[in-house]
Each structure stands twice: as C-alpha cells, then as structure tokens.
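J.: Provided herewith: target07.txt, compact mmCIF, C-alpha atoms.
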```
# COMPACT_ATOMS: atom_id res chain seq x y z
CA MET A 1 44.81 104.29 70.58
CA THR A 2 47.70 105.77 72.54
CA ASP A 3 50.09 105.93 69.58
CA THR A 4 48.81 109.28 68.38
CA PRO A 5 51.11 112.23 67.79
CA GLU A 6 49.25 114.22 70.45
CA PHE A 7 49.58 111.50 73.09
CA LEU A 8 53.25 110.86 72.38
CA ALA A 9 54.07 114.59 72.40
CA LYS A 10 52.27 114.95 75.73
CA ARG A 11 54.29 112.06 77.20
CA LEU A 12 57.52 113.57 75.91
CA ARG A 13 56.70 116.93 77.50
CA ALA A 14 55.66 115.41 80.83
CA GLU A 15 58.72 113.17 81.05
CA GLY A 16 60.96 116.08 80.03
CA GLU A 17 59.53 118.22 82.83
CA LYS A 18 60.17 115.41 85.30
CA MET A 19 63.79 115.13 84.15
CA SER A 20 64.29 118.89 84.26
CA ALA A 21 62.91 119.06 87.81
CA PHE A 22 65.22 116.25 88.90
CA PHE A 23 68.34 117.89 87.45
CA SER A 24 67.36 121.35 88.74
CA ALA A 25 67.25 120.05 92.31
CA LEU A 26 70.77 118.57 92.31
CA THR A 27 73.55 119.96 94.44
CA ASP A 28 77.04 120.57 93.02
CA ALA A 29 78.24 117.39 94.72
CA GLN A 30 75.40 115.32 93.26
CA TRP A 31 76.30 116.44 89.72
CA GLN A 32 79.69 114.80 90.24
CA ARG A 33 78.42 111.46 91.51
CA ILE A 34 79.36 108.45 89.43
CA VAL A 35 76.42 106.67 87.80
CA TYR A 36 78.14 104.15 85.51
CA THR A 37 81.58 102.55 85.67
CA GLU A 38 81.34 100.03 82.84
CA GLY A 39 83.34 101.28 79.89
CA ALA A 40 83.85 105.00 80.29
CA GLU A 41 82.96 106.37 83.71
CA TRP A 42 79.82 108.51 83.53
CA ARG A 43 78.83 111.00 86.18
CA VAL A 44 75.36 112.49 86.57
CA ARG A 45 76.28 115.37 84.23
CA ASP A 46 77.43 112.85 81.59
CA VAL A 47 74.04 111.15 81.63
CA LEU A 48 72.37 114.50 80.95
CA ALA A 49 74.87 115.12 78.13
CA HIS A 50 73.88 111.70 76.79
CA PHE A 51 70.21 112.68 76.86
CA VAL A 52 70.98 115.83 74.86
CA SER A 53 73.16 114.14 72.24
CA ALA A 54 70.85 111.15 71.84
CA GLU A 55 67.77 113.31 71.41
CA ARG A 56 69.47 115.62 68.91
CA SER A 57 70.49 112.57 66.90
CA PHE A 58 67.06 110.99 67.16
CA LEU A 59 65.46 114.13 65.75
CA SER A 60 67.68 113.88 62.71
CA LEU A 61 67.18 110.12 62.36
CA PHE A 62 63.40 110.34 62.72
CA ALA A 63 63.13 113.15 60.16
CA SER A 64 65.23 111.09 57.75
CA ILE A 65 62.98 108.05 58.19
CA LEU A 66 59.88 110.21 57.78
CA GLY A 67 61.34 111.42 54.49
CA GLY A 68 61.85 107.86 53.25
CA GLY A 69 65.32 107.11 54.62
CA SER A 70 66.23 103.68 55.92
CA GLY A 71 67.60 104.72 59.32
CA THR A 72 70.96 103.84 60.84
CA SER A 73 73.36 101.45 59.19
CA GLU A 74 73.62 97.92 60.51
CA ASP A 75 77.22 98.48 61.58
CA PHE A 76 76.39 101.60 63.64
CA SER A 77 77.96 101.35 67.11
CA VAL A 78 75.74 102.85 69.81
CA ASP A 79 78.49 102.57 72.40
CA ARG A 80 81.09 104.31 70.26
CA PHE A 81 78.62 107.06 69.31
CA ASN A 82 77.53 107.64 72.91
CA ALA A 83 81.11 107.80 74.18
CA SER A 84 82.17 110.29 71.51
CA GLN A 85 79.15 112.55 71.95
CA VAL A 86 79.36 112.67 75.74
CA ALA A 87 83.08 113.43 75.51
CA LYS A 88 82.30 116.41 73.24
CA MET A 89 80.09 117.91 75.97
CA ARG A 90 82.28 117.06 78.93
CA GLU A 91 83.16 120.70 79.64
CA MET A 92 79.62 122.08 79.39
CA PRO A 93 78.38 123.30 82.77
CA PRO A 94 75.24 121.65 84.17
CA ALA A 95 73.09 124.76 83.62
CA GLN A 96 73.99 124.80 79.93
CA LEU A 97 73.24 121.07 79.65
CA MET A 98 69.85 121.60 81.31
CA ASP A 99 69.04 124.39 78.86
CA ALA A 100 70.12 122.20 75.94
CA PHE A 101 67.98 119.32 77.19
CA ALA A 102 64.91 121.56 77.62
CA ALA A 103 65.39 122.95 74.10
CA VAL A 104 65.88 119.61 72.37
CA ARG A 105 63.00 118.00 74.27
CA ALA A 106 60.68 120.88 73.28
CA GLU A 107 61.82 120.49 69.69
CA MET A 108 61.19 116.73 69.82
CA ALA A 109 57.72 117.15 71.33
CA ASP A 110 56.78 119.82 68.79
CA TRP A 111 58.06 117.68 65.92
CA VAL A 112 56.08 114.66 67.12
CA ALA A 113 52.95 116.78 67.59
CA SER A 114 53.25 117.90 63.96
CA LEU A 115 53.08 114.33 62.64
CA ARG A 116 50.05 112.59 61.20
CA GLU A 117 49.08 109.23 62.68
CA ALA A 118 50.09 107.52 59.43
CA ASP A 119 53.60 108.97 59.81
CA LEU A 120 54.08 107.03 63.02
CA GLN A 121 53.78 103.77 61.07
CA LYS A 122 56.76 104.52 58.82
CA THR A 123 59.62 102.16 59.49
CA GLY A 124 63.36 102.38 59.60
CA ARG A 125 66.37 101.05 61.44
CA HIS A 126 66.86 102.35 64.97
CA PRO A 127 70.34 101.92 66.51
CA PHE A 128 68.97 99.98 69.49
CA LEU A 129 65.58 98.63 68.42
CA GLY A 130 66.53 97.60 64.90
CA GLU A 131 63.82 97.75 62.23
CA THR A 132 60.69 99.29 63.76
CA THR A 133 58.10 102.05 63.44
CA LEU A 134 58.54 105.72 64.23
CA ALA A 135 55.93 105.28 66.97
CA GLU A 136 58.14 102.74 68.75
CA MET A 137 61.20 104.94 68.27
CA VAL A 138 59.44 107.94 69.80
CA LYS A 139 58.27 105.88 72.77
CA LEU A 140 61.85 104.77 73.34
CA VAL A 141 62.91 108.43 73.68
CA TYR A 142 61.02 108.84 76.95
CA ARG A 143 61.50 105.23 78.08
CA HIS A 144 65.25 105.63 77.55
CA ASN A 145 65.30 108.54 79.96
CA GLN A 146 63.19 106.63 82.48
CA ILE A 147 65.69 103.77 82.48
CA HIS A 148 68.58 106.12 83.19
CA TYR A 149 66.47 108.07 85.70
CA ARG A 150 66.33 105.03 88.01
CA ASP A 151 70.12 104.84 88.01
CA LEU A 152 70.45 108.61 88.46
CA ARG A 153 68.20 108.60 91.51
CA LYS A 154 70.26 105.83 93.11
CA SER A 155 73.53 107.70 92.54
CA ALA A 156 72.23 111.13 93.62
CA ASN A 157 71.06 109.96 97.03
```
Mind converting the file's structure to structure tokens?
T.:
Amino acid sequence: MTDTPEFLAKRLRAEGEKMSAFFSALTDAQWQRIVYTEGAEWRVRDVLAHFVSAERSFLSLFASILGGGSGTSEDFSVDRFNASQVAKMREMPPAQLMDAFAAVRAEMADWVASLREADLQKTGRHPFLGETTLAEMVKLVYRHNQIHYRDLRKSAN
C-alpha cells in the first residue's frame, strides 16, 4: 500500500526538493513573470507565497483533524483565504520565501512521517476536497504543487 506515512513523507520531501530546485534556478526577471491573471494577478513569487501559506494552514488543519476536529467550515472561501495570505507575503523577498517553503515542507514531511497508518484514515473537511481522509489531504499537498508547477514552468520560459 502506498498510503503509508513513510511513503507519503518521502513523496513530500522529493516534490519539495524539486520545487526548491526550480525556484533556486530562477532569474530576477523570471520571479516577476505573471502566472495567473484571473482574479488577483499572481506572479511567480506569489505562487511560492501561496505554497508557503497553504502548507502552513494545512499543517494546522491536519493536526486538528488528527485530534478529532471536523476540518474547515462549509462556508470557508479558498479564494478569499488564498488572496489574503498571498497579499500578506507580497513584500517578502524570494530568498525568504524559498527558506519559508523549505522549512514548512520539512515540517510537513516530518509530521506525516510521525503518523501511524491508522491516522491517515481519519476524516475531516478539506477546503477543496470536502469530506475525505488525511491520506487524501496529504497527497493533495504535493499534487497541488505539481499543478501549479506546470503553470510556473510555462511562465518562467
């Protein structure tokens, strides 16, 4: 079974290293390239800020669900949350964002590695997936980055 804490932590670490390598190789001009124009305009640096804020929030959400919490409320607005969190980090320089991403990804991988397999079957409400297991929520952490990574690569070229 691939939904083991060890496997998921390994995937998180590997995907995090891939993201870190991508961001480390960007030029100053590439950091300023526009990735998304729908809603608020997001540049490459804003996507990295989104990774940091989302992962910090997921750590808190996942720990709450593990402890018996129900997850996010049904009226939680992902778009409003993402916009507000990215705006809070708008002035952070890319190097600081990269450090923050590396730190939060290491924390996420370590937290996942500390789980028991039974923990991964606990359920709660995820802001995007709805009611699901912690295993599915953890998988979405690295899949989420992979989705944005495709768009980042297009904009950085």
J.: Excluding same-chain residues fewer than 6 positions from A:Leu59, what lies within 9 Å of it counting all atoms listed in the file, as a PyMOL selection string?
T.: chain A and resi 104+107-108+111
J.: Deliver the residues from the most recent selection as a file, using C-alpha atoms, as a short mmCIF file (atom, residue, chain, number, x, y, z; two decimals), in the frame of the given file.
T.:
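The resulting part20.cif:
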```cif
data_model
loop_
_atom_site.label_atom_id
_atom_site.label_comp_id
_atom_site.auth_asym_id
_atom_site.auth_seq_id
_atom_site.Cartn_x
_atom_site.Cartn_y
_atom_site.Cartn_z
CA VAL A 104 65.88 119.61 72.37
CA GLU A 107 61.82 120.49 69.69
CA MET A 108 61.19 116.73 69.82
CA TRP A 111 58.06 117.68 65.92
#
```
J.: Stretch 23-30 of chain A: which residues within 12 Å, counting all atoms listed in the file, same-chain residues fewer than 5 positions away excluded, as number ranges by chain?
T.: A: 16-18, 35, 43-49, 51, 93-99, 101-102, 149, 152-157
J.: Quick one: residues within 7 Å of stretch 5-8 of chain A, all atoms listed in the file counted, chain neighbours fewer than 2 positions away excluded, as a list in words?
T.: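 Listed by chain and then number, they are Thr2, Asp3, Lys10, Arg11, Leu12, Val112, Ala113, Leu115, Arg116 and Glu117 of chain A.
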J.: In terms of the shortest atom-to-atom distance over all atoms listed in the file, which of A:Asp151, A:Ser60, A:Leu140, A:Phe128 is closest to A:Glu15?
T.: A:Leu140
J.: Find, counting all atoms listed in the file, the residue in A:Asp119, A:Glu38, A:Glu91, A:Asp110 that gets nearest to A:Gly67.
T.: A:Asp119
J.: Of the candidates A:Gly71, A:Ala87, A:Ile147, A:Ala103, which one gets nearest to A:Glu55 if we count all atoms listed in the file?
T.: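 Ranked by minimum distance to A:Glu55, first place goes to A:Ala103.
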J.: Looking at all atoms listed in the file, which of A:Ala63, A:Val138, A:Val52, A:Ala109 is the one that sits closest to A:Asn82?
T.: A:Val52
J.: To one decimal place, how far is atom CA of A:Leu134 from atom CA of A:Arg105 in Å?
T.: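 According to the coordinates, atom CA of A:Leu134 and atom CA of A:Arg105 are separated by 16.5 Å.
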J.: My list of candidates is A:Met92, A:His126, A:Arg33, A:Glu41. Which is closest to A:Ser73 when distances are computed with all atoms listed in the file?
T.: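 Looking at the shortest contact to A:Ser73, the residue is A:His126.
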